[in-house]
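The data block below is protein_10.cif; it holds mmCIF, C-alpha atoms and all ligand atoms.
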```cif
data_data
#
loop_
_atom_site.label_atom_id
_atom_site.label_comp_id
_atom_site.auth_asym_id
_atom_site.auth_seq_id
_atom_site.Cartn_x
_atom_site.Cartn_y
_atom_site.Cartn_z
CA MET A 207 0.24 -26.60 8.28
CA ALA A 208 0.79 -23.63 10.54
CA GLU A 209 -1.45 -20.61 10.53
CA VAL A 210 -0.35 -17.39 8.90
CA LEU A 211 -1.94 -14.32 10.47
CA VAL A 212 -2.94 -11.52 8.10
CA LEU A 213 -3.89 -8.16 9.59
CA ILE A 214 -6.77 -6.93 7.45
CA ASP A 215 -6.57 -3.34 6.29
CA HIS A 216 -10.02 -1.77 6.11
CA ALA A 217 -11.68 1.63 6.22
CA ASN A 218 -14.75 1.62 8.47
CA GLY A 219 -15.29 -2.05 7.77
CA GLU A 220 -14.71 -1.84 4.03
CA VAL A 221 -11.88 -4.23 3.22
CA LYS A 222 -9.08 -2.63 1.21
CA LYS A 223 -7.55 -4.29 -1.85
CA PRO A 224 -4.18 -5.19 -0.26
CA ALA A 225 -6.01 -7.57 2.14
CA ALA A 226 -6.86 -9.92 -0.74
CA GLU A 227 -3.26 -9.66 -2.00
CA MET A 228 -1.89 -10.55 1.43
CA LEU A 229 -4.26 -13.50 1.87
CA THR A 230 -3.02 -14.74 -1.51
CA ILE A 231 0.59 -14.45 -0.30
CA ALA A 232 -0.29 -16.13 3.02
CA ARG A 233 -1.42 -19.25 1.17
CA ARG A 234 2.18 -19.75 -0.01
CA LEU A 235 3.27 -20.01 3.63
CA GLY A 236 0.51 -21.90 5.43
CA GLU A 237 -3.15 -21.59 6.33
CA PRO A 238 -4.33 -17.98 6.21
CA SER A 239 -6.13 -16.56 9.24
CA ALA A 240 -7.51 -13.05 8.85
CA VAL A 241 -7.30 -10.73 11.85
CA PHE A 242 -10.04 -8.09 11.56
CA ILE A 243 -9.88 -5.33 14.15
CA GLY A 244 -12.78 -2.89 14.39
CA PRO A 245 -16.43 -2.93 13.34
CA GLY A 246 -17.50 -4.75 10.18
CA ALA A 247 -15.89 -8.19 10.50
CA GLU A 248 -19.21 -10.03 10.14
CA THR A 249 -19.90 -8.24 6.87
CA ALA A 250 -16.37 -8.81 5.59
CA LYS A 251 -16.14 -12.49 6.44
CA ASP A 252 -17.47 -13.90 3.13
CA LEU A 253 -15.03 -11.77 1.17
CA LEU A 254 -12.11 -12.84 3.37
CA ALA A 255 -13.07 -16.51 3.02
CA ARG A 256 -13.31 -16.07 -0.74
CA TYR A 257 -9.63 -15.06 -0.76
CA GLY A 258 -8.65 -18.07 1.31
CA ALA A 259 -9.08 -17.13 4.98
CA ASP A 260 -9.64 -20.37 6.88
CA LYS A 261 -10.19 -18.51 10.13
CA ILE A 262 -11.28 -14.98 10.90
CA TYR A 263 -10.33 -13.56 14.28
CA ALA A 264 -12.43 -10.49 14.98
CA VAL A 265 -12.03 -7.81 17.64
CA SER A 266 -15.05 -5.51 17.60
CA ASP A 267 -14.22 -3.70 20.85
CA PRO A 268 -14.22 -0.01 19.76
CA ALA A 269 -11.24 0.61 22.10
CA ALA A 270 -9.11 -1.33 19.61
CA LEU A 271 -9.26 1.55 17.13
CA GLU A 272 -9.70 4.49 19.52
CA HIS A 273 -6.14 4.45 20.80
CA LEU A 274 -4.05 4.75 17.62
CA VAL A 275 -2.23 1.53 16.74
CA ALA A 276 -0.93 0.18 20.06
CA PRO A 277 -4.02 -1.99 20.84
CA GLN A 278 -3.74 -3.67 17.44
CA ALA A 279 -0.19 -4.74 18.29
CA GLU A 280 -1.53 -6.21 21.54
CA VAL A 281 -4.19 -8.20 19.69
CA LEU A 282 -1.56 -9.64 17.37
CA ALA A 283 0.85 -10.35 20.24
CA GLN A 284 -1.88 -12.32 22.02
CA LEU A 285 -2.59 -14.32 18.86
CA VAL A 286 1.12 -14.98 18.25
CA ALA A 287 1.45 -16.35 21.79
CA GLU A 288 -1.65 -18.56 21.44
CA LYS A 289 -1.38 -19.77 17.85
CA GLN A 290 2.39 -19.82 17.21
CA PRO A 291 1.82 -18.80 13.57
CA ALA A 292 4.36 -19.40 10.78
CA ALA A 293 4.33 -15.66 10.03
CA VAL A 294 2.35 -12.47 10.55
CA LEU A 295 1.61 -10.33 7.48
CA ILE A 296 0.82 -6.66 8.04
CA PRO A 297 0.21 -3.89 5.48
CA SER A 298 3.41 -1.91 4.89
CA ASN A 299 1.88 1.52 5.37
CA ALA A 300 2.71 4.02 8.13
CA ALA A 301 0.30 2.47 10.66
CA GLY A 302 1.20 -1.09 9.68
CA LYS A 303 4.93 -0.50 10.09
CA GLU A 304 4.34 0.88 13.57
CA ILE A 305 2.16 -2.11 14.46
CA GLY A 306 4.86 -4.42 13.09
CA ALA A 307 7.59 -2.71 15.11
CA ARG A 308 5.57 -2.87 18.34
CA LEU A 309 4.72 -6.53 17.70
CA ALA A 310 8.37 -7.37 16.99
CA VAL A 311 9.40 -5.89 20.35
CA LYS A 312 6.60 -7.64 22.23
CA THR A 313 7.34 -11.04 20.71
CA GLU A 314 11.14 -10.64 20.42
CA SER A 315 10.86 -11.37 16.72
CA GLY A 316 12.45 -10.12 13.54
CA LEU A 317 10.63 -7.57 11.39
CA LEU A 318 10.87 -7.00 7.63
CA THR A 319 9.21 -3.93 6.12
CA ASP A 320 8.61 -2.62 2.59
CA VAL A 321 8.34 -6.18 1.35
CA VAL A 322 7.30 -6.55 -2.29
CA ASP A 323 7.33 -10.36 -2.52
CA VAL A 324 7.17 -13.31 -0.12
CA GLN A 325 7.95 -16.90 -1.02
CA ALA A 326 8.06 -20.12 1.02
CA GLY A 327 10.52 -19.91 3.89
CA PRO A 328 9.33 -17.22 4.29
CA VAL A 329 11.95 -15.48 2.16
CA THR A 330 11.05 -11.92 1.35
CA THR A 331 12.08 -9.44 -1.29
CA GLN A 332 12.39 -5.96 0.13
CA SER A 333 12.65 -2.71 -1.71
CA VAL A 334 15.19 -0.63 0.23
CA PHE A 335 17.05 2.69 -0.02
CA ALA A 336 13.98 4.27 -1.57
CA GLY A 337 13.67 1.50 -4.13
CA SER A 338 17.31 1.63 -5.31
CA TYR A 339 18.06 -1.92 -4.09
CA SER A 340 16.15 -5.15 -3.96
CA VAL A 341 17.16 -7.39 -1.04
CA GLN A 342 16.26 -11.00 -0.21
CA ALA A 343 15.90 -11.46 3.53
CA LYS A 344 14.40 -13.78 6.11
CA VAL A 345 13.67 -13.49 9.79
CA THR A 346 16.02 -15.60 11.93
CA LYS A 347 14.52 -15.02 15.38
CA GLY A 348 11.00 -15.48 16.68
CA THR A 349 7.93 -15.24 14.46
CA PRO A 350 8.54 -13.63 11.05
CA ILE A 351 6.70 -10.30 11.05
CA ILE A 352 6.41 -9.10 7.49
CA CYS A 353 5.03 -5.75 6.34
CA VAL A 354 3.88 -6.17 2.73
CA LYS A 355 3.51 -3.27 0.29
CA PRO A 356 0.31 -2.94 -1.77
CA ASN A 357 0.38 -4.51 -5.25
CA SER A 358 2.86 -7.21 -4.19
CA ALA A 359 0.68 -10.01 -5.56
CA ALA A 360 -2.28 -10.42 -7.86
CA PRO A 361 -5.22 -11.42 -5.63
CA GLU A 362 -6.35 -14.99 -6.31
CA GLN A 363 -9.60 -16.42 -5.04
CA ALA A 364 -9.62 -19.65 -3.02
CA ASN A 365 -12.31 -21.13 -0.87
CA GLY A 366 -11.23 -20.66 2.73
CA ALA A 367 -13.33 -22.14 5.52
CA GLY A 368 -13.94 -18.68 7.02
CA ALA A 369 -14.47 -19.98 10.59
CA PHE A 370 -15.39 -16.89 12.61
CA GLU A 371 -14.15 -16.25 16.14
CA GLU A 372 -14.76 -13.09 18.18
CA LEU A 373 -11.79 -12.46 20.48
CA SER A 374 -12.00 -10.76 23.80
CA VAL A 375 -8.89 -8.77 24.54
CA SER A 376 -8.26 -6.51 27.51
CA PHE A 377 -5.85 -3.80 26.56
CA THR A 378 -3.07 -2.65 28.87
CA ASP A 379 -2.98 0.92 30.17
CA GLY A 380 0.12 1.40 28.01
CA ALA A 381 -1.84 0.55 24.86
CA LYS A 382 -4.46 3.13 25.84
CA ALA A 383 -1.94 5.88 26.61
CA ALA A 384 -3.01 7.97 23.60
CA LYS A 385 -6.49 8.50 22.25
CA ILE A 386 -7.92 9.81 18.99
CA THR A 387 -10.03 12.83 19.95
CA ALA A 388 -11.47 13.71 16.53
CA SER A 389 -11.16 12.48 13.00
CA GLU A 390 -12.49 13.88 9.76
CA PRO A 391 -13.08 11.68 6.73
CA LYS A 392 -11.20 12.72 3.61
CA LYS A 393 -13.36 14.13 0.84
CA ALA A 394 -14.00 11.21 -1.48
CA SER A 395 -12.45 11.78 -4.91
CA GLY A 396 -14.00 8.65 -6.36
CA ARG A 397 -10.49 7.54 -7.31
CA PRO A 398 -8.56 4.68 -5.74
CA GLU A 399 -6.21 5.35 -2.84
CA LEU A 400 -2.82 6.41 -4.20
CA THR A 401 -0.69 3.78 -2.45
CA GLU A 402 -3.07 0.93 -3.31
CA ALA A 403 -3.97 1.80 -6.88
CA ALA A 404 -3.02 -0.61 -9.65
CA ILE A 405 -2.49 2.38 -11.96
CA VAL A 406 -1.18 5.83 -11.00
CA VAL A 407 -1.04 8.82 -13.35
CA SER A 408 1.07 11.66 -11.99
CA GLY A 409 1.57 15.21 -13.12
CA GLY A 410 4.49 17.53 -12.53
CA ARG A 411 5.62 21.07 -13.20
CA GLY A 412 5.05 20.40 -16.89
CA THR A 413 1.30 20.62 -16.30
CA GLY A 414 1.71 24.32 -15.53
CA GLY A 415 -0.97 23.80 -12.89
CA ASP A 416 -3.58 22.36 -15.25
CA PHE A 417 -4.12 18.78 -14.07
CA SER A 418 -7.27 18.26 -16.17
CA PRO A 419 -5.59 16.08 -18.86
CA VAL A 420 -3.87 14.06 -16.10
CA GLU A 421 -7.16 13.54 -14.26
CA ALA A 422 -9.10 12.72 -17.45
CA PHE A 423 -6.56 10.05 -18.41
CA ALA A 424 -6.49 8.69 -14.87
CA ASP A 425 -10.28 8.44 -14.77
CA THR A 426 -10.40 6.60 -18.07
CA LEU A 427 -8.06 3.98 -16.59
CA GLY A 428 -9.62 3.92 -13.10
CA ALA A 429 -6.30 5.21 -11.79
CA ALA A 430 -5.19 7.31 -8.83
CA VAL A 431 -3.67 10.74 -9.46
CA GLY A 432 -0.23 11.58 -8.10
CA ALA A 433 1.92 14.69 -8.27
CA SER A 434 5.57 15.69 -8.09
CA ARG A 435 6.72 17.89 -5.27
CA ALA A 436 7.14 20.80 -7.67
CA ALA A 437 3.42 20.57 -8.46
CA VAL A 438 2.51 20.22 -4.78
CA ASP A 439 4.78 23.08 -3.67
CA ALA A 440 3.16 25.28 -6.30
CA GLY A 441 -0.20 24.54 -4.66
CA TRP A 442 -1.55 22.80 -7.76
CA TYR A 443 -2.24 19.50 -6.04
CA PRO A 444 -2.60 18.44 -2.39
CA HIS A 445 0.39 17.18 -0.44
CA SER A 446 -1.44 13.89 0.16
CA SER A 447 -0.92 13.18 -3.56
CA GLN A 448 2.84 13.79 -3.57
CA VAL A 449 4.87 10.83 -4.79
CA GLY A 450 8.49 10.59 -3.73
CA GLN A 451 11.01 10.60 -0.94
CA THR A 452 9.03 13.07 1.14
CA GLY A 453 5.68 11.97 -0.22
CA LYS A 454 4.10 8.58 -0.74
CA GLN A 455 5.79 5.47 -2.08
CA VAL A 456 3.77 3.76 -4.75
CA SER A 457 4.35 0.48 -6.51
CA PRO A 458 1.52 0.10 -9.02
CA GLN A 459 1.31 -2.17 -12.05
CA LEU A 460 1.48 0.94 -14.23
CA TYR A 461 2.90 4.39 -13.37
CA VAL A 462 2.50 7.23 -15.86
CA ALA A 463 4.61 10.35 -15.26
CA ALA A 464 3.46 13.38 -17.24
CA GLY A 465 5.58 16.52 -17.24
CA ILE A 466 7.87 15.15 -14.53
CA SER A 467 11.65 15.36 -15.01
CA GLY A 468 12.51 12.30 -12.89
CA ALA A 469 14.54 13.77 -10.03
CA ILE A 470 16.04 11.19 -7.67
CA GLN A 471 13.61 12.23 -4.92
CA HIS A 472 10.64 11.57 -7.21
CA ARG A 473 12.05 8.21 -8.35
CA ALA A 474 12.36 7.20 -4.71
CA GLY A 475 8.58 7.02 -4.55
CA MET A 476 7.80 5.22 -7.80
CA GLN A 477 10.71 3.28 -9.22
CA THR A 478 9.43 -0.09 -7.97
CA SER A 479 6.37 0.34 -10.23
CA LYS A 480 6.04 -2.67 -12.52
CA THR A 481 5.70 -0.69 -15.77
CA ILE A 482 6.71 2.96 -16.07
CA VAL A 483 5.60 5.30 -18.84
CA ALA A 484 6.74 8.92 -19.16
CA ILE A 485 5.47 11.76 -21.29
CA ASN A 486 7.92 14.64 -21.46
CA LYS A 487 8.68 17.15 -24.15
CA ASP A 488 12.41 17.07 -23.34
CA GLU A 489 13.97 13.91 -24.75
CA GLU A 490 16.94 14.40 -22.39
CA ALA A 491 14.74 14.32 -19.25
CA PRO A 492 16.22 11.88 -16.68
CA ILE A 493 12.85 10.13 -16.29
CA PHE A 494 13.51 8.45 -19.65
CA GLU A 495 16.41 6.51 -18.05
CA LEU A 496 14.02 4.33 -16.05
CA VAL A 497 10.95 4.04 -18.25
CA ASP A 498 9.61 1.00 -20.03
CA PHE A 499 7.86 3.25 -22.56
CA GLY A 500 8.62 6.90 -23.20
CA VAL A 501 6.74 9.47 -25.27
CA VAL A 502 8.60 12.61 -26.25
CA GLY A 503 5.84 15.14 -26.63
CA ASP A 504 3.59 17.74 -25.09
CA LEU A 505 1.40 16.23 -22.39
CA PHE A 506 -1.47 18.51 -23.45
CA THR A 507 -1.45 16.75 -26.84
CA VAL A 508 -0.42 13.24 -25.83
CA LEU A 509 -2.69 12.69 -22.83
CA PRO A 510 -5.98 13.67 -24.56
CA GLN A 511 -5.03 11.40 -27.49
CA ALA A 512 -4.27 8.56 -25.07
CA THR A 513 -7.55 9.20 -23.24
CA ASP A 514 -9.53 9.07 -26.49
CA ALA A 515 -7.68 5.92 -27.55
CA VAL A 516 -8.52 4.14 -24.28
CA LYS A 517 -12.15 5.33 -24.40
CA GLY A 518 -12.49 4.17 -28.00
CA LYS A 519 -11.39 0.62 -27.16
P1 LIG A 601 10.76 19.72 -13.02
O1 LIG A 601 12.00 19.09 -12.56
O2 LIG A 601 10.75 21.20 -13.25
O3 LIG A 601 10.37 18.99 -14.39
C1 LIG A 601 9.29 19.36 -15.18
C2 LIG A 601 9.37 18.50 -16.44
O4 LIG A 601 8.23 18.74 -17.23
C3 LIG A 601 10.59 18.82 -17.31
O5 LIG A 601 11.30 17.61 -17.54
C4 LIG A 601 10.00 19.37 -18.61
O6 LIG A 601 10.72 18.98 -19.75
C5 LIG A 601 8.62 18.74 -18.59
N1 LIG A 601 7.60 19.50 -19.31
C6 LIG A 601 7.36 20.84 -19.24
N2 LIG A 601 6.28 21.14 -19.98
C7 LIG A 601 5.83 19.98 -20.49
C8 LIG A 601 4.74 19.64 -21.34
N3 LIG A 601 3.85 20.58 -21.77
N4 LIG A 601 4.57 18.34 -21.73
C9 LIG A 601 5.45 17.38 -21.30
N5 LIG A 601 6.49 17.66 -20.49
C10 LIG A 601 6.68 18.94 -20.09
N6 LIG A 601 10.17 15.66 -5.57
C11 LIG A 601 9.14 14.82 -5.68
O7 LIG A 601 8.52 14.70 -6.74
N7 LIG A 601 8.75 14.08 -4.59
C12 LIG A 601 9.36 14.15 -3.40
O8 LIG A 601 8.95 13.47 -2.45
C13 LIG A 601 10.46 15.02 -3.26
N8 LIG A 601 11.15 15.12 -2.09
C14 LIG A 601 12.24 15.94 -2.03
C15 LIG A 601 12.99 15.98 -0.86
C16 LIG A 601 14.10 16.78 -0.79
C17 LIG A 601 14.91 16.78 0.48
C18 LIG A 601 14.48 17.58 -1.89
C19 LIG A 601 15.71 18.44 -1.82
C20 LIG A 601 13.74 17.55 -3.04
C21 LIG A 601 12.61 16.75 -3.13
N9 LIG A 601 11.83 16.70 -4.29
C22 LIG A 601 10.82 15.81 -4.39
C23 LIG A 601 12.03 17.67 -5.39
C24 LIG A 601 12.79 17.12 -6.58
O9 LIG A 601 14.20 17.31 -6.38
C25 LIG A 601 12.39 17.86 -7.87
O10 LIG A 601 12.60 19.24 -7.70
C26 LIG A 601 10.94 17.63 -8.28
O11 LIG A 601 10.66 16.25 -8.31
C27 LIG A 601 10.73 18.21 -9.65
O12 LIG A 601 9.37 18.10 -10.00
P2 LIG A 601 8.99 18.05 -11.54
O13 LIG A 601 9.64 16.90 -12.19
O14 LIG A 601 7.50 18.15 -11.62
O15 LIG A 601 9.54 19.44 -12.09
#
```

Represent the supplied structure as structure tokens.
Ligand code: FAD
Amino acid sequence: MAEVLVLIDHANGEVKKPAAEMLTIARRLGEPSAVFIGPGAETAKDLLARYGADKIYAVSDPAALEHLVAPQAEVLAQLVAEKQPAAVLIPSNAAGKEIGARLAVKTESGLLTDVVDVQAGPVTTQSVFAGSYSVQAKVTKGTPIICVKPNSAAPEQANGAGAFEELSVSFTDGAKAAKITASEPKKASGRPELTEAAIVVSGGRGTGGDFSPVEAFADTLGAAVGASRAAVDAGWYPHSSQVGQTGKQVSPQLYVAAGISGAIQHRAGMQTSKTIVAINKDEEAPIFELVDFGVVGDLFTVLPQATDAVKGK
């Protein structure tokens, strides 16, 4: 069976949840090989093996992460040339899509982004036009390069061999053409990252600026907190939490919209969520057209009741 390369998403060595999902998907296509770029591969290797990685290719050279994403594309291009993998899976976030695009050019291969499912072939399901269409597609030239959205599979454990190999890569001048000069870690909220969370609870203009019931409900569920643009524009919540066309695209197992009308631009960021629940006091609100469960009511009454109900379980 051919190898399937999986670019591991991590933050300072801490493996992010989509990595386990992508290793699970890789097992449908061949033998998963994790590609870990940056410090921390040694620590992560048991976890990666537990989710099925037969091989772990590590690049600990700090230059790999100092020059934005171009060096990562070079690492993958080198591995594609050497290993002739059946596919390369990359996280479908902003950095991952750029890595995928650079890799596709370098290897003269087809690229599929915003993929929400991958089956043998590999045949992918993509969510396109801001989630309005679902498209089945496959790469017909070169090595399939597939950018997979978070929450596209439930992570399943499997005992991979976890054979560890440190790669030595010398980056081209082109890959080092831009350099990160400073970076500041985000203040930790203690909540999961919005685009990776299995549950997202979002608040809109209906909160009137008081996000406390939204946050309390989110914390009871271990969820991330999102916001509509109206709430962000009003300065009630940071832009990094905006869900929608000009914000982040989320695809959690459960999306709860509280006090959000359901404008097309908001839907563009959340309509691929597996289960959608809305709380809105206007029964005519457009959000009710796409929900699985709707509650017509005041969020300041409904959310505390829901929070107590979950806590009491
Ligand atoms: P509103 O539309 O004002 O809806 C508030 C809702 O809250 C109403 O349905 C009301 O019935 C309900 N409500 C009020 N009080 C309560 C209560 N106490 N309990 C329960 N319900 C209550 N929007 C985004 O969200 N994300 C984007 O990325 C985005 N990008 C955009 C890009 C462009 C180019 C443009 C033009 C617009 C964009 N928008 C985006 C804005 C979008 O069109 C809407 O204006 C916005 O989504 C509305 O936010 P909202 O639903 O919170 O507010």

Need the shell around stretch 415-420 of chain A: protein/DNA/RNA residues with any atom at most 6 Å away, counting all atoms listed in the file. Skip same-chain ones fewer than 3 positions apart. Format as a PDB file with C-alpha atoms, keeping the file's coordinate frame?
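Printed below is part18.pdb as written:
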```pdb
ATOM      1  CA  PHE A 423      -6.560  10.050 -18.410  1.00  0.00           C
ATOM      2  CA  TRP A 442      -1.550  22.800  -7.760  1.00  0.00           C
ATOM      3  CA  LEU A 509      -2.690  12.690 -22.830  1.00  0.00           C
TER       4      LEU A 509
END
```

Please provide the set of residues having any atom within 12 Å of stretch 307-318 of chain A, restricted to only C-alpha atoms, with same-chain residues fewer than 4 positions apart removed, written as a PDB file with C-alpha atoms, keeping the file's coordinate frame.
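This is the output file selection.pdb:
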```
ATOM      1  CA  LEU A 213      -3.890  -8.160   9.590  1.00  0.00           C
ATOM      2  CA  VAL A 275      -2.230   1.530  16.740  1.00  0.00           C
ATOM      3  CA  ALA A 276      -0.930   0.180  20.060  1.00  0.00           C
ATOM      4  CA  PRO A 277      -4.020  -1.990  20.840  1.00  0.00           C
ATOM      5  CA  GLN A 278      -3.740  -3.670  17.440  1.00  0.00           C
ATOM      6  CA  ALA A 279      -0.190  -4.740  18.290  1.00  0.00           C
ATOM      7  CA  GLU A 280      -1.530  -6.210  21.540  1.00  0.00           C
ATOM      8  CA  VAL A 281      -4.190  -8.200  19.690  1.00  0.00           C
ATOM      9  CA  LEU A 282      -1.560  -9.640  17.370  1.00  0.00           C
ATOM     10  CA  ALA A 283       0.850 -10.350  20.240  1.00  0.00           C
ATOM     11  CA  GLN A 284      -1.880 -12.320  22.020  1.00  0.00           C
ATOM     12  CA  LEU A 285      -2.590 -14.320  18.860  1.00  0.00           C
ATOM     13  CA  VAL A 286       1.120 -14.980  18.250  1.00  0.00           C
ATOM     14  CA  ALA A 287       1.450 -16.350  21.790  1.00  0.00           C
ATOM     15  CA  GLU A 288      -1.650 -18.560  21.440  1.00  0.00           C
ATOM     16  CA  GLN A 290       2.390 -19.820  17.210  1.00  0.00           C
ATOM     17  CA  PRO A 291       1.820 -18.800  13.570  1.00  0.00           C
ATOM     18  CA  ALA A 292       4.360 -19.400  10.780  1.00  0.00           C
ATOM     19  CA  ALA A 293       4.330 -15.660  10.030  1.00  0.00           C
ATOM     20  CA  VAL A 294       2.350 -12.470  10.550  1.00  0.00           C
ATOM     21  CA  LEU A 295       1.610 -10.330   7.480  1.00  0.00           C
ATOM     22  CA  ILE A 296       0.820  -6.660   8.040  1.00  0.00           C
ATOM     23  CA  PRO A 297       0.210  -3.890   5.480  1.00  0.00           C
ATOM     24  CA  SER A 298       3.410  -1.910   4.890  1.00  0.00           C
ATOM     25  CA  ALA A 300       2.710   4.020   8.130  1.00  0.00           C
ATOM     26  CA  ALA A 301       0.300   2.470  10.660  1.00  0.00           C
ATOM     27  CA  GLY A 302       1.200  -1.090   9.680  1.00  0.00           C
ATOM     28  CA  LYS A 303       4.930  -0.500  10.090  1.00  0.00           C
ATOM     29  CA  VAL A 322       7.300  -6.550  -2.290  1.00  0.00           C
ATOM     30  CA  ASP A 323       7.330 -10.360  -2.520  1.00  0.00           C
ATOM     31  CA  VAL A 324       7.170 -13.310  -0.120  1.00  0.00           C
ATOM     32  CA  PRO A 328       9.330 -17.220   4.290  1.00  0.00           C
ATOM     33  CA  VAL A 329      11.950 -15.480   2.160  1.00  0.00           C
ATOM     34  CA  THR A 330      11.050 -11.920   1.350  1.00  0.00           C
ATOM     35  CA  THR A 331      12.080  -9.440  -1.290  1.00  0.00           C
ATOM     36  CA  GLN A 332      12.390  -5.960   0.130  1.00  0.00           C
ATOM     37  CA  SER A 333      12.650  -2.710  -1.710  1.00  0.00           C
ATOM     38  CA  VAL A 334      15.190  -0.630   0.230  1.00  0.00           C
ATOM     39  CA  VAL A 341      17.160  -7.390  -1.040  1.00  0.00           C
ATOM     40  CA  GLN A 342      16.260 -11.000  -0.210  1.00  0.00           C
ATOM     41  CA  ALA A 343      15.900 -11.460   3.530  1.00  0.00           C
ATOM     42  CA  LYS A 344      14.400 -13.780   6.110  1.00  0.00           C
ATOM     43  CA  VAL A 345      13.670 -13.490   9.790  1.00  0.00           C
ATOM     44  CA  THR A 346      16.020 -15.600  11.930  1.00  0.00           C
ATOM     45  CA  LYS A 347      14.520 -15.020  15.380  1.00  0.00           C
ATOM     46  CA  GLY A 348      11.000 -15.480  16.680  1.00  0.00           C
ATOM     47  CA  THR A 349       7.930 -15.240  14.460  1.00  0.00           C
ATOM     48  CA  PRO A 350       8.540 -13.630  11.050  1.00  0.00           C
ATOM     49  CA  ILE A 351       6.700 -10.300  11.050  1.00  0.00           C
ATOM     50  CA  ILE A 352       6.410  -9.100   7.490  1.00  0.00           C
ATOM     51  CA  CYS A 353       5.030  -5.750   6.340  1.00  0.00           C
ATOM     52  CA  VAL A 354       3.880  -6.170   2.730  1.00  0.00           C
ATOM     53  CA  LYS A 355       3.510  -3.270   0.290  1.00  0.00           C
ATOM     54  CA  GLY A 380       0.120   1.400  28.010  1.00  0.00           C
ATOM     55  CA  ALA A 381      -1.840   0.550  24.860  1.00  0.00           C
TER      56      ALA A 381
END
```

* To do: Grab me every residue within 10 Å of ligand LIG 601 (chain A), counting all atoms listed in the file, and send it over as an NGL selection string.
  => :A and (408-414 or 432-440 or 445 or 447-455 or 463-476 or 484-494 or 501-509)

* Compile the contact shell of A:Thr401 as a list in words: residues with an atom at most 9 Å away, counting all atoms listed in the file, same-chain residues fewer than 6 positions apart removed. => Asn299, Lys355, Pro356, Asn357, Ala430, Lys454, Gln455, Val456, Ser457 and Pro458 of chain A

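For the choices A:Ser340, A:Phe377, A:Asp215, A:Gly327, the atom-to-atom distance to A:Pro268 is smallest for A:Phe377 when using all atoms listed in the file.
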
* **Point-to-point distance in Å for atom CA of A:Asn218 and atom CA of A:Leu271** => 10.3 Å
